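Asker: To be precise about what I am sending: the file is called model14.json and holds JSON, C-alpha atoms and all ligand atoms.
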[["chain", "number", "residue", "atom", "x", "y", "z"],
["A", 174, "MET", "CA", -6.37, -3.68, 11.53],
["A", 175, "VAL", "CA", -5.65, -2.93, 7.88],
["A", 176, "LYS", "CA", -7.43, -4.97, 5.22],
["A", 177, "ILE", "CA", -5.81, -5.43, 1.80],
["A", 178, "LEU", "CA", -7.91, -6.20, -1.24],
["A", 179, "LYS", "CA", -7.07, -6.77, -4.88],
["A", 180, "LEU", "CA", -9.10, -4.32, -6.97],
["A", 181, "ASP", "CA", -11.11, -5.37, -9.98],
["A", 182, "MET", "CA", -12.60, -2.89, -12.45],
["A", 183, "ILE", "CA", -15.73, -2.44, -10.34],
["A", 184, "SER", "CA", -14.09, -2.01, -6.94],
["A", 185, "ALA", "CA", -11.42, 0.21, -8.48],
["A", 186, "ALA", "CA", -14.03, 2.49, -10.03],
["A", 187, "LYS", "CA", -15.96, 2.53, -6.76],
["A", 188, "ASN", "CA", -12.82, 3.73, -4.98],
["A", 189, "SER", "CA", -11.81, 6.15, -7.72],
["A", 190, "ASP", "CA", -12.19, 9.31, -5.59],
["A", 191, "SER", "CA", -10.07, 7.84, -2.80],
["A", 192, "LEU", "CA", -7.38, 6.73, -5.26],
["A", 193, "VAL", "CA", -7.29, 10.25, -6.73],
["A", 194, "LYS", "CA", -6.91, 11.68, -3.21],
["A", 195, "LEU", "CA", -4.19, 9.15, -2.35],
["A", 196, "LEU", "CA", -2.15, 10.12, -5.40],
["A", 197, "GLN", "CA", -2.68, 13.84, -4.80],
["A", 198, "ASP", "CA", -1.73, 13.45, -1.14],
["A", 199, "SER", "CA", 1.50, 11.65, -2.05],
["A", 200, "VAL", "CA", 2.43, 14.22, -4.69],
["A", 201, "LYS", "CA", 1.58, 17.13, -2.38],
["A", 202, "ASN", "CA", 3.86, 15.65, 0.27],
["A", 203, "GLY", "CA", 6.78, 15.45, -2.12],
["A", 204, "ALA", "CA", 6.69, 11.84, -3.34],
["A", 205, "SER", "CA", 8.36, 11.01, -6.63],
["A", 206, "VAL", "CA", 5.46, 9.12, -8.20],
["A", 207, "SER", "CA", 5.43, 10.39, -11.80],
["A", 208, "PHE", "CA", 3.47, 13.59, -11.15],
["A", 209, "LEU", "CA", 4.29, 17.14, -10.07],
["A", 210, "ASN", "CA", 2.60, 19.28, -7.44],
["A", 211, "PRO", "CA", -0.10, 20.59, -7.72],
["A", 212, "LEU", "CA", -1.75, 17.57, -9.29],
["A", 213, "SER", "CA", -5.16, 18.53, -10.69],
["A", 214, "ASP", "CA", -8.24, 16.37, -10.16],
["A", 215, "SER", "CA", -8.54, 15.85, -13.91],
["A", 216, "ALA", "CA", -4.92, 14.68, -14.34],
["A", 217, "ALA", "CA", -5.22, 12.31, -11.37],
["A", 218, "GLU", "CA", -8.58, 10.99, -12.59],
["A", 219, "SER", "CA", -7.21, 10.47, -16.07],
["A", 220, "TYR", "CA", -4.21, 8.54, -14.67],
["A", 221, "TRP", "CA", -6.46, 6.23, -12.63],
["A", 222, "ARG", "CA", -8.80, 5.69, -15.60],
["A", 223, "GLU", "CA", -5.80, 4.37, -17.54],
["A", 224, "VAL", "CA", -4.89, 2.11, -14.61],
["A", 225, "PHE", "CA", -8.48, 0.80, -14.42],
["A", 226, "ALA", "CA", -8.33, -0.09, -18.12],
["A", 227, "GLU", "CA", -5.06, -1.94, -17.46],
["A", 228, "ILE", "CA", -6.70, -3.83, -14.59],
["A", 229, "ASN", "CA", -9.47, -4.79, -16.97],
["A", 230, "SER", "CA", -7.03, -6.06, -19.59],
["A", 231, "ALA", "CA", -4.97, -7.90, -16.93],
["A", 232, "GLN", "CA", -1.89, -5.78, -17.65],
["A", 233, "ILE", "CA", -1.63, -4.67, -14.05],
["A", 234, "ILE", "CA", -2.68, -5.83, -10.59],
["A", 235, "VAL", "CA", -3.64, -3.23, -8.02],
["A", 236, "TRP", "CA", -4.13, -3.72, -4.29],
["A", 237, "ALA", "CA", -5.67, -1.22, -1.93],
["A", 238, "ALA", "CA", -5.43, -1.08, 1.85],
["A", 239, "PHE", "CA", -8.51, -0.15, 3.90],
["A", 240, "ASP", "CA", -8.72, 0.91, 7.53],
["A", 241, "ASP", "CA", -11.34, -0.27, 10.05],
["A", 242, "ASP", "CA", -13.84, 2.26, 8.69],
["A", 243, "ASP", "CA", -13.26, 1.07, 5.14],
["A", 244, "ASN", "CA", -11.36, 4.19, 4.14],
["A", 245, "LEU", "CA", -8.81, 3.55, 1.42],
["A", 246, "VAL", "CA", -5.43, 4.33, 3.01],
["A", 247, "GLY", "CA", -2.88, 2.87, 0.61],
["A", 248, "SER", "CA", -2.20, 1.15, -2.66],
["A", 249, "VAL", "CA", 0.44, -0.67, -4.69],
["A", 250, "GLN", "CA", 0.68, -2.05, -8.24],
["A", 251, "LEU", "CA", 2.34, -5.04, -9.88],
["A", 252, "ALA", "CA", 2.97, -4.77, -13.61],
["A", 253, "PRO", "CA", 4.03, -8.11, -15.13],
["A", 254, "ALA", "CA", 6.46, -7.74, -18.03],
["A", 255, "LYS", "CA", 4.83, -8.48, -21.38],
["A", 256, "MET", "CA", 7.54, -9.84, -23.62],
["A", 257, "GLN", "CA", 7.98, -13.56, -24.27],
["A", 258, "ASN", "CA", 11.36, -13.68, -22.59],
["A", 259, "ALA", "CA", 10.20, -11.76, -19.53],
["A", 260, "LYS", "CA", 7.28, -13.77, -18.20],
["A", 261, "HIS", "CA", 9.14, -14.29, -14.92],
["A", 262, "ARG", "CA", 9.58, -10.58, -14.30],
["A", 263, "ALA", "CA", 7.34, -7.82, -12.94],
["A", 264, "MET", "CA", 7.61, -4.18, -11.90],
["A", 265, "VAL", "CA", 6.46, -2.92, -8.52],
["A", 266, "GLN", "CA", 4.89, 0.52, -8.90],
["A", 267, "LYS", "CA", 3.22, 3.33, -6.99],
["A", 268, "LEU", "CA", 3.46, 2.10, -3.43],
["A", 269, "MET", "CA", 1.58, 4.86, -1.60],
["A", 270, "VAL", "CA", 0.16, 5.25, 1.89],
["A", 271, "ILE", "CA", -1.99, 8.23, 2.84],
["A", 272, "SER", "CA", 0.16, 10.62, 4.87],
["A", 273, "ASN", "CA", -1.86, 10.47, 8.11],
["A", 274, "HIS", "CA", -1.53, 6.67, 8.23],
["A", 275, "ARG", "CA", 2.18, 6.27, 7.61],
["A", 276, "ARG", "CA", 4.49, 4.25, 9.88],
["A", 277, "GLU", "CA", 1.64, 1.90, 10.78],
["A", 278, "GLY", "CA", 2.97, -0.98, 8.73],
["A", 279, "ILE", "CA", 0.57, -0.46, 5.82],
["A", 280, "GLY", "CA", 3.26, -0.05, 3.16],
["A", 281, "SER", "CA", 5.00, -3.13, 4.44],
["A", 282, "ALA", "CA", 1.75, -5.12, 4.44],
["A", 283, "LEU", "CA", 1.00, -4.03, 0.86],
["A", 284, "MET", "CA", 4.44, -5.21, -0.26],
["A", 285, "ASP", "CA", 3.99, -8.56, 1.50],
["A", 286, "THR", "CA", 0.64, -9.09, -0.24],
["A", 287, "LEU", "CA", 2.10, -8.16, -3.61],
["A", 288, "GLU", "CA", 5.05, -10.53, -3.22],
["A", 289, "LEU", "CA", 2.85, -13.43, -2.19],
["A", 290, "GLU", "CA", 0.67, -13.00, -5.26],
["A", 291, "ALA", "CA", 3.69, -12.46, -7.53],
["A", 292, "LYS", "CA", 5.08, -15.80, -6.35],
["A", 293, "LYS", "CA", 1.74, -17.51, -6.95],
["A", 294, "LEU", "CA", 1.80, -16.13, -10.49],
["A", 295, "GLY", "CA", 5.21, -17.71, -11.00],
["A", 296, "LYS", "CA", 7.14, -14.44, -10.99],
["A", 297, "LYS", "CA", 10.75, -14.82, -9.96],
["A", 298, "LEU", "CA", 12.13, -11.32, -10.27],
["A", 299, "LEU", "CA", 10.71, -8.01, -9.07],
["A", 300, "ILE", "CA", 12.10, -4.64, -10.13],
["A", 301, "LEU", "CA", 11.34, -1.22, -8.69],
["A", 302, "ASP", "CA", 12.73, 2.26, -8.53],
["A", 303, "THR", "CA", 12.50, 5.05, -6.02],
["A", 304, "ARG", "CA", 14.11, 8.40, -5.45],
["A", 305, "LEU", "CA", 17.59, 8.14, -3.99],
["A", 306, "GLY", "CA", 17.43, 8.99, -0.27],
["A", 307, "ASP", "CA", 13.67, 8.50, -0.04],
["A", 308, "PRO", "CA", 12.32, 6.87, 3.16],
["A", 309, "SER", "CA", 10.94, 4.08, 0.97],
["A", 310, "GLU", "CA", 14.54, 2.93, 0.42],
["A", 311, "THR", "CA", 14.60, 1.80, 4.06],
["A", 312, "LEU", "CA", 11.38, -0.15, 3.57],
["A", 313, "TYR", "CA", 12.61, -1.85, 0.39],
["A", 314, "GLU", "CA", 16.00, -2.67, 1.87],
["A", 315, "GLN", "CA", 14.31, -4.16, 4.96],
["A", 316, "LYS", "CA", 12.45, -6.40, 2.55],
["A", 317, "ASP", "CA", 15.71, -7.54, 0.96],
["A", 318, "TYR", "CA", 15.48, -5.58, -2.28],
["A", 319, "ILE", "CA", 18.98, -5.07, -3.66],
["A", 320, "LYS", "CA", 20.03, -1.70, -5.03],
["A", 321, "PHE", "CA", 21.70, -2.33, -8.37],
["A", 322, "GLY", "CA", 22.20, 1.18, -9.61],
["A", 323, "ILE", "CA", 21.56, 4.86, -9.41],
["A", 324, "VAL", "CA", 20.61, 6.97, -12.40],
["A", 325, "PRO", "CA", 21.47, 10.63, -11.89],
["A", 326, "GLY", "CA", 18.87, 13.24, -12.77],
["A", 327, "TYR", "CA", 16.26, 10.65, -13.68],
["A", 328, "ALA", "CA", 13.07, 12.46, -12.67],
["A", 329, "LEU", "CA", 11.92, 16.04, -12.37],
["A", 330, "ASN", "CA", 10.57, 17.12, -8.98],
["A", 331, "SER", "CA", 8.05, 19.79, -8.06],
["A", 332, "SER", "CA", 10.84, 22.31, -7.38],
["A", 333, "ASN", "CA", 11.96, 21.87, -10.99],
["A", 334, "ASP", "CA", 15.15, 20.07, -9.97],
["A", 335, "LEU", "CA", 16.20, 16.64, -11.15],
["A", 336, "ASP", "CA", 16.20, 13.75, -8.68],
["A", 337, "ASP", "CA", 18.51, 10.74, -8.81],
["A", 338, "MET", "CA", 16.70, 7.41, -8.91],
["A", 339, "ALA", "CA", 17.75, 4.20, -7.17],
["A", 340, "PHE", "CA", 16.89, 0.93, -8.92],
["A", 341, "TYR", "CA", 16.25, -2.26, -6.95],
["A", 342, "PHE", "CA", 15.60, -5.90, -7.66],
["A", 343, "LYS", "CA", 14.52, -8.88, -5.58],
["A", 344, "ILE", "CA", 14.56, -12.53, -6.52],
["A", 345, "ILE", "CA", 11.48, -14.10, -4.97],
["B", 1, "LIG", "C1", 7.04, 4.85, 1.37],
["B", 1, "LIG", "C2", 5.67, 4.63, 2.02],
["B", 1, "LIG", "C3", 4.79, 3.85, 1.08],
["B", 1, "LIG", "C4", 5.86, 3.84, 3.32],
["B", 1, "LIG", "O1", 4.59, 3.45, 3.80],
["B", 1, "LIG", "P1", 4.35, 3.21, 5.35],
["B", 1, "LIG", "O2", 3.02, 2.57, 5.51],
["B", 1, "LIG", "O3", 4.59, 4.44, 6.12],
["B", 1, "LIG", "O4", 5.50, 2.18, 5.68],
["B", 1, "LIG", "P2", 5.54, 1.16, 6.89],
["B", 1, "LIG", "O5", 4.85, 1.74, 8.10],
["B", 1, "LIG", "O6", 5.08, -0.17, 6.44],
["B", 1, "LIG", "O7", 7.11, 1.13, 7.18],
["B", 1, "LIG", "C5", 7.86, -0.07, 7.18],
["B", 1, "LIG", "C6", 9.29, 0.29, 7.49],
["B", 1, "LIG", "O8", 9.86, 1.08, 6.45],
["B", 1, "LIG", "C7", 10.71, 2.10, 7.01],
["B", 1, "LIG", "N1", 10.12, 3.42, 6.79],
["B", 1, "LIG", "C8", 8.92, 3.72, 6.29],
["B", 1, "LIG", "N2", 8.75, 5.06, 6.25],
["B", 1, "LIG", "C9", 9.87, 5.60, 6.73],
["B", 1, "LIG", "C10", 10.31, 6.94, 6.98],
["B", 1, "LIG", "N3", 9.53, 7.99, 6.66],
["B", 1, "LIG", "N4", 11.53, 7.14, 7.50],
["B", 1, "LIG", "C11", 12.33, 6.10, 7.81],
["B", 1, "LIG", "N5", 11.98, 4.79, 7.63],
["B", 1, "LIG", "C12", 10.77, 4.56, 7.10],
["B", 1, "LIG", "C13", 10.77, 1.81, 8.51],
["B", 1, "LIG", "O9", 11.85, 0.93, 8.74],
["B", 1, "LIG", "C14", 9.44, 1.13, 8.74],
["B", 1, "LIG", "O10", 9.42, 0.30, 9.87],
["B", 1, "LIG", "P3", 9.17, 0.97, 11.33],
["B", 1, "LIG", "O11", 8.02, 1.93, 11.21],
["B", 1, "LIG", "O12", 8.84, -0.22, 12.19],
["B", 1, "LIG", "O13", 10.44, 1.66, 11.70],
["B", 1, "LIG", "C15", 5.03, 6.00, 2.38],
["B", 1, "LIG", "O14", 5.95, 6.80, 3.08],
["B", 1, "LIG", "C16", 4.52, 6.75, 1.18],
["B", 1, "LIG", "O15", 3.38, 6.57, 0.75],
["B", 1, "LIG", "N6", 5.34, 7.63, 0.60],
["B", 1, "LIG", "C17", 4.92, 8.42, -0.55],
["B", 1, "LIG", "C18", 4.88, 7.60, -1.83],
["B", 1, "LIG", "C19", 6.25, 7.09, -2.17],
["B", 1, "LIG", "O16", 7.22, 7.80, -2.14],
["B", 1, "LIG", "N7", 6.32, 5.78, -2.47],
["B", 1, "LIG", "C20", 7.55, 5.08, -2.73],
["B", 1, "LIG", "C21", 8.15, 5.36, -4.02],
["B", 1, "LIG", "S1", 7.32, 4.63, -5.37]]
The structure given in the file should be rewritten as structure tokens.
Ligand SMILES: CC(C)(COP(=O)(O)OP(=O)(O)OC[C@H]1O[C@@H](n2cnc3c(N)ncnc32)[C@H](O)[C@@H]1OP(=O)(O)O)[C@@H](O)C(=O)NCCC(=O)NCCS
Answerer:
Amino acid sequence: MVKILKLDMISAAKNSDSLVKLLQDSVKNGASVSFLNPLSDSAAESYWREVFAEINSAQIIVWAAFDDDDNLVGSVQLAPAKMQNAKHRAMVQKLMVISNHRREGIGSALMDTLELEAKKLGKKLLILDTRLGDPSETLYEQKDYIKFGIVPGYALNSSNDLDDMAFYFKII
């Protein structure tokens, strides 16, 4: 049974190695999550250090999923918009599940947890993007996210080609 916990600075730092591995695993397996393969330890560590600082300054909320042996097997982030006219809005970012635990409902459970908390925080609108044609599109569409556009050539991939990106929203 997967357990989902919100990470604070201390628990995030404690799980730093696992978060680095999760990101590297996703990138290695072709995910479009801001980084290119091969992702070095130092680049992944530096990314997570920035995220930990954002957790500390309440700019971002990060959840991690743990298996029965307390191994970190997934993660997702909610980034509330900062501007005065955007307090009702937040971005969903970096939904990742370790490759040997996919299709077990972990990604779905992470999204459900994130949405519940977003509602409690008074958020009304969630925005996310993912590579056009990615399996995650099925997950998001099952959860009633609405595709509102496609931007061609939005992100570079590890083969040095440009991927189109699909943008979604959900009113919660
Ligand atoms: C996208 C991702 C998070 C899905 O996590 P997951 O734990 O495997 O997803 P779930 O098991 O909760 O899947 C829920 C539903 O989504 C759909 N889905 C998920 N992965 C799928 C795949 N590879 N192919 C087709 N449908 C898929 C299915 O409908 C699935 O339900 P089912 O298994 O009962 O058929 C995971 O594949 C991943 O980490 N990918 C790399 C990172 C990434 O690309 N993230 C998204 C972009 S930011």
Asker: Give one line per residue of chain A that approaches ligand LIG 1 (chain B) to at most 7 Å, naming the two atoms of the closest pair and their distance in Å to one decimal, counting only C-alpha atoms and all ligand atoms; sort by chain then ascending residue number and deliver it as a Markdown table.
Answerer:
| residue | atom | partner | partner_atom | distance |
| --- | --- | --- | --- | --- |
| A:Ser199 | CA | B:LIG1 | C17 | 4.9 |
| A:Ala204 | CA | B:LIG1 | O16 | 4.2 |
| A:Ser205 | CA | B:LIG1 | O16 | 5.6 |
| A:Val206 | CA | B:LIG1 | S1 | 5.6 |
| A:Gln266 | CA | B:LIG1 | S1 | 5.9 |
| A:Lys267 | CA | B:LIG1 | S1 | 4.6 |
| A:Leu268 | CA | B:LIG1 | N7 | 4.8 |
| A:Met269 | CA | B:LIG1 | O15 | 3.4 |
| A:Val270 | CA | B:LIG1 | O15 | 3.7 |
| A:Ile271 | CA | B:LIG1 | O15 | 6.0 |
| A:Ser272 | CA | B:LIG1 | O15 | 6.6 |
| A:His274 | CA | B:LIG1 | O2 | 6.7 |
| A:Arg275 | CA | B:LIG1 | O3 | 3.4 |
| A:Arg276 | CA | B:LIG1 | O5 | 3.1 |
| A:Glu277 | CA | B:LIG1 | O5 | 4.2 |
| A:Gly278 | CA | B:LIG1 | O6 | 3.2 |
| A:Ile279 | CA | B:LIG1 | O2 | 3.9 |
| A:Gly280 | CA | B:LIG1 | O2 | 3.5 |
| A:Ser281 | CA | B:LIG1 | O6 | 3.6 |
| A:Ala282 | CA | B:LIG1 | O6 | 6.3 |
| A:Asp302 | CA | B:LIG1 | S1 | 6.7 |
| A:Thr303 | CA | B:LIG1 | C21 | 4.8 |
| A:Arg304 | CA | B:LIG1 | C21 | 6.8 |
| A:Asp307 | CA | B:LIG1 | O16 | 6.8 |
| A:Pro308 | CA | B:LIG1 | C10 | 4.3 |
| A:Ser309 | CA | B:LIG1 | C1 | 4.0 |
| A:Thr311 | CA | B:LIG1 | C7 | 4.9 |
| A:Leu312 | CA | B:LIG1 | O8 | 3.5 |
| A:Gln315 | CA | B:LIG1 | O9 | 6.8 |
Asker: From the set A:Trp236, A:Gly322, A:Asp190, A:Asp336, which residue has the shortest atom-to-atom contact distance to Gly203 (chain A), counting all atoms listed in the file?
Answerer: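 Going through A:Trp236, A:Gly322, A:Asp190, A:Asp336 one by one, the smallest distance to Gly203 (chain A) is for A:Asp336.
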Asker: Take CA of Met284 (chain A) and CA of Leu245 (chain A) and report the distance between them in Å, one decimal.
Answerer: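 Separation of CA of Met284 (chain A) and CA of Leu245 (chain A): 16.0 Å.
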Asker: Which residue, A:Ala254, A:Lys187, A:Asp242, A:Glu290, has the smallest gap to Arg222 (chain A) when you use only C-alpha atoms?
Answerer: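 Closest candidate: A:Lys187.
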Asker: Show which residues sit within 8 Å of region 238-241 of chain A, as a list in words. Count all atoms listed in the file, and ignore same-chain residues fewer than 5 positions away.
Answerer: Met174, Val175, Lys176, Ile177, Leu178, Val246, Gly247, Ser248, Ile279 and Leu283 of chain A
Asker: Can you measure CA of His261 (chain A) to CA of Ile323 (chain A) for me? One decimal in Å is fine.
Answerer: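 If I compute the distance from CA of His261 (chain A) to CA of Ile323 (chain A), I get 23.5 Å.
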Asker: What does the distance from CA of Leu287 (chain A) to CA of Gln232 (chain A) come to in Å, to one decimal?
Answerer: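 Interatomic distance here is 14.8 Å.
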Asker: For Ala259 (chain A), list every protein, DNA or RNA residue within 12 Å, evaluated using only C-alpha atoms, and leave out those in the same chain fewer than 4 positions away; present the list as a ChimeraX atom specification.
Answerer: /A:252-255,263-264,295-300
Asker: Given 8 Å of margin on each side, can you work out the centre and size in Å (one decimal) of an axis-aligned box holding every listed atom of region 246-265 of chain A, as AutoDock Vina command-line options?
Answerer:
--center_x 3.0 --center_y -5.0 --center_z -10.6 --size_x 32.8 --size_y 34.6 --size_z 43.3
Asker: Given the choices A:Ser215, A:Trp221, A:Asn188, A:Asn333, which gets closest to Asp243 (chain A) if the distance is worked out from all atoms listed in the file?
Answerer: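 Closest to Asp243 (chain A), using all atoms listed in the file: A:Asn188.
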Asker: Show which residues sit within 9 Å of Ala217 (chain A), as a compact mmCIF listing (two decimals) with C-alpha atoms, in the coordinates of the input. Count only C-alpha atoms, and ignore same-chain residues fewer than 5 positions away.
Answerer:
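As written to disk, part36.txt reads:
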# COMPACT_ATOMS: atom_id res chain seq x y z
CA LEU A 192 -7.38 6.73 -5.26
CA VAL A 193 -7.29 10.25 -6.73
CA LYS A 194 -6.91 11.68 -3.21
CA LEU A 196 -2.15 10.12 -5.40
CA GLN A 197 -2.68 13.84 -4.80
CA PHE A 208 3.47 13.59 -11.15
CA LEU A 212 -1.75 17.57 -9.29
CA ARG A 222 -8.80 5.69 -15.60
